[in-house]
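**Q** Below is the file start_33.cif, with mmCIF, C-alpha atoms.
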data_input
#
loop_
_atom_site.label_atom_id
_atom_site.label_comp_id
_atom_site.auth_asym_id
_atom_site.auth_seq_id
_atom_site.Cartn_x
_atom_site.Cartn_y
_atom_site.Cartn_z
CA MET A 16 90.98 73.66 138.69
CA ILE A 17 88.27 71.01 139.07
CA ILE A 18 84.98 71.70 137.29
CA SER A 19 81.72 70.52 138.85
CA ALA A 20 79.06 69.89 136.20
CA SER A 21 76.85 70.22 138.15
CA TYR A 22 75.21 69.83 141.53
CA ARG A 23 72.80 72.61 140.51
CA THR A 24 71.42 70.73 137.49
CA ASP A 25 71.84 67.58 135.40
CA ILE A 26 74.12 68.62 132.53
CA PRO A 27 74.59 65.11 131.03
CA ALA A 28 70.81 64.53 130.90
CA PHE A 29 69.61 67.94 129.68
CA HIS A 30 72.51 70.11 128.56
CA GLY A 31 75.00 67.85 126.81
CA ALA A 32 74.90 69.71 123.48
CA TRP A 33 75.39 73.03 125.27
CA PHE A 34 78.34 71.58 127.20
CA ASP A 35 79.94 70.35 123.97
CA LYS A 36 79.73 73.84 122.52
CA ARG A 37 81.30 75.32 125.64
CA LEU A 38 84.16 72.84 125.36
CA ASP A 39 84.64 74.02 121.77
CA ALA A 40 84.61 77.64 122.93
CA GLY A 41 86.98 76.91 125.82
CA PHE A 42 84.93 78.73 128.43
CA CYS A 43 81.49 79.25 129.93
CA THR A 44 79.94 81.80 132.25
CA VAL A 45 78.26 81.26 135.62
CA ARG A 46 75.96 83.55 137.55
CA ASN A 47 76.24 83.51 141.33
CA PRO A 48 72.71 82.59 142.48
CA TYR A 49 72.94 84.96 145.45
CA SER A 50 74.88 88.02 144.27
CA GLY A 51 74.01 87.80 140.57
CA THR A 52 77.65 88.28 139.63
CA VAL A 53 78.57 86.62 136.32
CA THR A 54 81.99 84.97 136.12
CA ARG A 55 83.86 83.55 133.14
CA ILE A 56 85.17 80.00 133.73
CA ALA A 57 87.92 78.57 131.51
CA LEU A 58 87.24 75.07 130.18
CA ASP A 59 90.38 74.53 128.11
CA ALA A 60 92.88 71.77 128.81
CA ASP A 61 95.42 74.16 130.36
CA ALA A 62 92.91 75.36 132.97
CA VAL A 63 90.97 72.19 133.85
CA ASP A 64 92.44 69.41 136.02
CA GLY A 65 89.31 67.31 135.70
CA PHE A 66 85.51 67.24 135.67
CA VAL A 67 82.98 65.87 138.14
CA PHE A 68 79.63 65.16 136.49
CA TRP A 69 76.39 64.76 138.46
CA THR A 70 73.58 62.92 136.71
CA ARG A 71 70.67 60.52 136.72
CA ARG A 72 71.02 59.69 133.01
CA LEU A 73 74.06 59.57 130.75
CA GLY A 74 72.46 58.48 127.47
CA GLY A 75 74.05 60.31 124.54
CA PHE A 76 76.51 62.06 126.86
CA MET A 77 78.77 59.02 126.53
CA ASP A 78 80.08 60.55 123.31
CA THR A 79 81.18 63.63 125.25
CA LEU A 80 82.82 61.46 127.88
CA ASP A 81 84.64 59.58 125.10
CA ARG A 82 85.86 62.92 123.77
CA LEU A 83 87.26 63.91 127.17
CA ALA A 84 88.82 60.49 127.71
CA ASN A 85 90.48 60.61 124.29
CA GLN A 86 91.88 64.03 125.14
CA GLY A 87 93.32 62.67 128.38
CA CYS A 88 91.03 64.80 130.54
CA PRO A 89 90.03 62.87 133.68
CA PHE A 90 86.50 62.87 135.04
CA THR A 91 84.35 61.16 137.62
CA ILE A 92 80.60 60.64 137.54
CA GLN A 93 78.31 61.02 140.54
CA PHE A 94 75.38 58.91 139.32
CA THR A 95 72.16 58.94 141.35
CA VAL A 96 70.02 55.80 141.33
CA THR A 97 67.22 55.42 143.88
CA GLY A 98 64.38 53.68 142.07
CA TYR A 99 61.64 55.61 143.83
CA PRO A 100 58.07 55.62 142.44
CA THR A 101 57.32 58.02 139.59
CA VAL A 102 55.09 60.04 141.93
CA LEU A 103 58.33 61.18 143.60
CA GLU A 104 60.57 61.10 140.50
CA PRO A 105 58.30 61.83 137.50
CA ALA A 106 60.87 61.92 134.69
CA VAL A 107 63.75 59.77 135.97
CA ILE A 108 64.71 56.75 133.87
CA ASP A 109 63.99 53.28 135.23
CA TRP A 110 66.54 52.34 137.87
CA ARG A 111 67.46 49.11 136.07
CA ARG A 112 68.32 51.12 132.94
CA ALA A 113 70.35 53.50 135.09
CA ILE A 114 72.33 50.57 136.48
CA GLY A 115 73.09 49.52 132.92
CA GLU A 116 74.47 52.98 132.19
CA ILE A 117 76.71 52.83 135.26
CA GLN A 118 77.98 49.43 134.19
CA GLU A 119 78.69 50.72 130.68
CA ALA A 120 80.53 53.79 132.02
CA ALA A 121 82.61 51.61 134.33
CA ALA A 122 83.48 49.27 131.45
CA ARG A 123 84.61 52.23 129.30
CA TYR A 124 86.37 54.40 131.87
CA GLY A 125 87.07 52.12 134.84
CA PRO A 126 85.22 51.53 138.11
CA ARG A 127 87.01 54.41 139.89
CA ALA A 128 85.35 56.80 137.44
CA VAL A 129 81.82 56.14 138.74
CA VAL A 130 80.25 56.70 142.17
CA TRP A 131 76.70 55.57 142.91
CA ARG A 132 74.56 58.00 144.88
CA TYR A 133 71.53 56.74 146.82
CA ASP A 134 70.68 60.30 147.54
CA PRO A 135 68.55 61.47 149.20
CA VAL A 136 66.99 58.90 151.48
CA PHE A 137 63.35 59.98 151.59
CA LEU A 138 60.81 58.37 153.92
CA SER A 139 57.16 58.15 152.99
CA GLU A 140 54.34 55.65 152.68
CA LEU A 141 55.66 55.01 149.16
CA THR A 142 59.26 54.61 150.33
CA PRO A 143 59.26 52.98 153.79
CA LYS A 144 62.40 51.82 155.56
CA SER A 145 61.99 48.29 154.21
CA LEU A 146 62.04 49.53 150.61
CA HIS A 147 65.33 51.40 151.17
CA VAL A 148 67.01 48.33 152.64
CA GLU A 149 65.77 46.11 149.81
CA ARG A 150 66.69 48.63 147.11
CA ILE A 151 70.19 49.25 148.47
CA ALA A 152 70.82 45.50 148.55
CA GLU A 153 69.52 44.90 145.02
CA ILE A 154 71.30 47.82 143.38
CA ALA A 155 74.55 47.12 145.24
CA ASP A 156 74.44 43.51 144.12
CA ARG A 157 73.99 44.53 140.48
CA LEU A 158 76.76 47.14 140.68
CA ALA A 159 79.36 44.75 142.05
CA GLY A 160 82.63 45.55 140.28
CA ALA A 161 81.28 48.67 138.58
CA THR A 162 81.86 51.03 141.52
CA ASP A 163 83.32 50.88 145.00
CA GLU A 164 81.27 53.57 146.77
CA VAL A 165 77.69 54.56 147.50
CA VAL A 166 76.99 58.07 148.79
CA LEU A 167 74.06 58.43 151.15
CA SER A 168 72.28 61.48 152.53
CA PHE A 169 68.91 62.29 154.04
CA ALA A 170 66.69 64.76 152.23
CA HIS A 171 67.18 68.38 153.31
CA ILE A 172 63.71 69.80 153.80
CA TYR A 173 64.08 73.36 152.56
CA ARG A 174 61.08 75.63 152.05
CA LYS A 175 60.71 74.79 148.35
CA THR A 176 61.33 71.10 149.09
CA ARG A 177 58.51 71.08 151.63
CA ARG A 178 56.20 72.96 149.26
CA ASN A 179 56.81 70.58 146.35
CA THR A 180 56.59 67.48 148.53
CA GLU A 181 53.38 68.56 150.23
CA ARG A 182 51.86 69.40 146.84
CA ALA A 183 52.69 65.91 145.53
CA ALA A 184 51.49 64.25 148.75
CA ALA A 185 48.13 66.03 148.54
CA LYS A 186 47.70 65.19 144.85
CA HIS A 187 48.67 61.53 145.15
CA ARG A 188 47.45 60.96 148.72
CA PHE A 189 50.50 59.70 150.53
CA ALA A 190 52.10 60.66 153.83
CA TRP A 191 55.76 61.52 154.27
CA SER A 192 58.00 62.37 157.18
CA ASP A 193 61.28 63.97 158.18
CA PRO A 194 62.37 61.62 160.98
CA ASP A 195 64.24 62.60 164.12
CA PRO A 196 68.06 62.24 164.07
CA GLU A 197 68.15 58.97 165.98
CA GLU A 198 65.75 57.31 163.56
CA LYS A 199 67.81 58.59 160.64
CA ARG A 200 71.05 57.27 162.14
CA SER A 201 69.51 53.87 162.73
CA LEU A 202 68.35 53.53 159.12
CA LEU A 203 71.62 54.89 157.73
CA SER A 204 73.59 52.38 159.77
CA THR A 205 71.48 49.55 158.34
CA LEU A 206 71.90 50.84 154.77
CA ALA A 207 75.67 51.21 155.21
CA LYS A 208 76.02 47.67 156.55
CA THR A 209 73.88 46.33 153.71
CA ALA A 210 76.07 48.07 151.13
CA ALA A 211 79.20 46.71 152.83
CA GLN A 212 77.85 43.17 152.54
CA HIS A 213 77.95 43.70 148.76
CA GLY A 214 81.46 45.14 148.72
CA LEU A 215 80.61 48.85 148.61
CA LYS A 216 81.94 51.50 150.95
CA ALA A 217 79.10 53.72 152.21
CA THR A 218 79.85 57.41 152.66
CA PHE A 219 77.63 60.20 153.89
CA CYS A 220 77.26 63.63 152.34
CA ALA A 221 77.59 66.81 154.45
CA GLN A 222 75.44 65.91 157.46
CA PRO A 223 78.06 65.25 160.16
CA ASP A 224 75.53 65.05 162.99
CA LEU A 225 74.09 61.89 161.40
CA LEU A 226 77.34 59.97 160.92
CA THR A 227 77.53 56.48 162.38
CA PRO A 228 80.54 54.16 162.90
CA SER A 229 79.67 52.36 159.66
CA LEU A 230 79.65 55.58 157.60
CA ARG A 231 82.57 57.71 156.45
CA PRO A 232 82.21 61.36 155.41
CA ALA A 233 81.81 61.68 151.64
CA ARG A 234 84.06 63.68 149.32
CA CYS A 235 81.90 64.11 146.24
CA ILE A 236 84.46 66.40 144.57
CA ASP A 237 87.30 63.99 145.25
CA ALA A 238 90.79 64.94 144.08
CA ASP A 239 92.14 61.53 145.11
CA ARG A 240 89.60 59.69 142.96
CA LEU A 241 90.30 62.01 140.04
CA SER A 242 94.01 61.31 140.53
CA ASP A 243 93.37 57.57 140.29
CA VAL A 244 91.43 58.07 137.06
CA ALA A 245 94.07 60.41 135.63
CA GLY A 246 97.00 58.22 136.61
CA LYS A 247 98.74 61.27 138.04
CA ARG A 248 98.47 63.43 141.11
CA ILE A 249 95.77 66.12 141.08
CA THR A 250 96.06 68.48 144.01
CA SER A 251 93.33 70.75 145.31
CA SER A 252 92.67 72.43 148.62
CA ARG A 253 89.65 71.32 150.61
CA LYS A 254 86.90 73.89 150.36
CA GLY A 255 83.49 72.36 151.06
CA ASN A 256 80.17 73.94 150.27
CA ARG A 257 78.58 73.73 153.73
CA SER A 258 79.19 72.40 157.22
CA GLY A 259 80.62 68.88 157.11
CA CYS A 260 81.41 69.00 153.39
CA LEU A 261 84.85 67.58 152.57
CA CYS A 262 84.79 68.37 148.84
CA ALA A 263 87.89 69.65 147.11
CA ASP A 264 87.89 73.16 145.73
CA SER A 265 85.98 73.36 142.43
CA ARG A 266 83.95 75.67 140.22
CA ASP A 267 80.36 74.67 139.51
CA ILE A 268 79.10 75.64 136.05
CA GLY A 269 75.39 74.87 136.45
CA ALA A 270 72.32 76.92 137.23
CA TYR A 271 69.33 76.24 139.43
CA ASP A 272 65.91 75.53 137.90
CA THR A 273 67.38 73.89 134.78
CA CYS A 274 66.68 70.21 135.54
CA SER A 275 63.25 68.82 134.68
CA HIS A 276 63.44 65.36 136.25
CA GLY A 277 60.80 66.72 138.63
CA CYS A 278 61.97 64.99 141.83
CA VAL A 279 59.73 66.39 144.56
CA TYR A 280 62.50 66.46 147.19
CA CYS A 281 65.00 68.37 144.99
CA TYR A 282 66.75 71.39 146.51
CA ALA A 283 67.82 72.79 143.12
CA VAL A 284 64.44 73.32 141.47
CA SER A 285 61.58 75.52 142.61
CA SER A 286 59.13 73.68 140.35
CA ARG A 287 59.31 71.33 137.39
CA ASP A 288 57.29 73.73 135.25
CA ALA A 289 59.78 76.53 135.93
CA ALA A 290 62.65 74.24 134.98
CA LYS A 291 60.96 73.16 131.75
CA ARG A 292 60.42 76.80 130.76
CA ARG A 293 64.06 77.66 131.40
CA ILE A 294 65.30 74.65 129.47
CA LYS A 295 63.03 75.53 126.55
CA GLY A 296 64.44 79.05 126.54
CA LEU A 297 68.08 77.98 126.49
CA SER A 298 70.08 78.74 123.36
CA LEU A 299 72.81 76.22 122.60
CA ASP A 300 75.02 79.22 121.91
CA ALA A 301 74.44 80.73 125.36
CA GLU A 302 77.65 81.23 127.26
CA GLY A 303 76.05 80.02 130.50
CA LEU A 304 72.98 78.11 131.68
CA HIS A 305 72.00 81.19 133.65
CA ALA A 306 71.10 82.79 130.30
CA THR A 307 67.93 80.66 129.98
CA GLY A 308 64.56 82.40 129.89
CA SER A 309 62.41 82.66 132.98
#
As structure tokens, what does this structure read like?
**A**
Amino acid sequence: MIISASYRTDIPAFHGAWFDKRLDAGFCTVRNPYSGTVTRIALDADAVDGFVFWTRRLGGFMDTLDRLANQGCPFTIQFTVTGYPTVLEPAVIDWRRAIGEIQEAAARYGPRAVVWRYDPVFLSELTPKSLHVERIAEIADRLAGATDEVVLSFAHIYRKTRRNTERAAAKHRFAWSDPDPEEKRSLLSTLAKTAAQHGLKATFCAQPDLLTPSLRPARCIDADRLSDVAGKRITSSRKGNRSGCLCADSRDIGAYDTCSHGCVYCYAVSSRDAAKRRIKGLSLDAEGLHATGS
């Protein structure tokens, strides 16, 4: 079984100590966000084929990664670096520092262990097309040799995403847009070609209608990549989480509203204040992140 940790929150940035305790316990619990059903997930070596971590900041979590590596447990890291203004990403570390963390992770665990995510592409007066092209080129140049892939996607404008974005736009007086598909494809094609010029394969996450000839579909939960890291074959059926998703079957152990980076376009958080309250209410001895206070 592959464990996703987690596309619902940033466990390395905010919940590393909790995760360590769950490794010690050999299990955690997860609440289905729709049905409310709580499930026990085994985290012991006999049950877990590998981990996929999703983060914007590793920091002290490197010690946990060292622990897993020393135990022979493979993992990959989906590391998001966009470098947007703090108005859009209030509590995200500086993108140059994030690049340094990717480089350190690649040096410790190998370049196949890390995937850079430029995700999502968000268009606004603060982040025009020209900024995306320049930022992709600069980050890709600095990450040469540290990773071989950049995952792209356009922001999904859900109801809470629109609410949070419009609130930030009104407060900080900037305009934003959700472009038409043709405009998105044109920009994505440019970004993919720019990444390729720096030796990175560009893939695209779960939006098949926006694929271009220069983009391949992404597999964020990638059994083949985990196999390369492990040095042995890891098999998993393809499950996917939505239309166009090619991810391998996995179990996600996160919970929504438990990341306080505060990114206005985030699909996993209703508000930063709500996330901060839930994080504050989390006991390190809780069996699952769903047990946080509201």
**Q** Convert the output of the PyMOL selection byres ((chain A and resi 202) around 12) on the shown file into explicit residues, formatted as an NGL selection string.
**A** :A and (136-138 or 143-148 or 151 or 167-169 or 194-201 or 203-209 or 225-227 or 229-230)
**Q** Around the point (92.0, 77.7, 130.9) in the file's coordinates, collect all residues with an atom within 12 Å, using only C-alpha atoms, and return them as a PyMOL selection string.
**A** chain A and resi 16-18+38+40-43+55-65
**Q** Sorted by chain and rising residue number, list the residues of stretch 106-162 of chain A at most 9 Å from stretch 269-291 of chain A (counting all atoms listed in the file), each with its closest atom pair and distance in Å to one decimal, as JSON lines.
**A**
{"residue": "A:Ala106", "atom": "CA", "partner": "A:His276", "partner_atom": "CA", "distance": 4.6}
{"residue": "A:Val107", "atom": "CA", "partner": "A:His276", "partner_atom": "CA", "distance": 5.6}
{"residue": "A:Pro135", "atom": "CA", "partner": "A:Tyr280", "partner_atom": "CA", "distance": 8.1}
{"residue": "A:Phe137", "atom": "CA", "partner": "A:Tyr280", "partner_atom": "CA", "distance": 7.9}
**Q** Please return, as a list of chain:residue names, all polymer residues that have at least one atom within 10 Å of the point (67.1, 55.7, 125.8); use all atoms listed in the file and the file's own coordinate frame.
**A**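 The answer, in the requested form, is A:Arg72, A:Leu73, A:Gly74, A:Gly75, A:Ile108, A:Arg112.
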**Q** Rank A:Leu158, A:Asp300, A:Thr79, A:Ser139 by their smallest atom-to-atom distance to A:Trp110, using all atoms listed in the file, and report the top residue only.
**A** A:Leu158
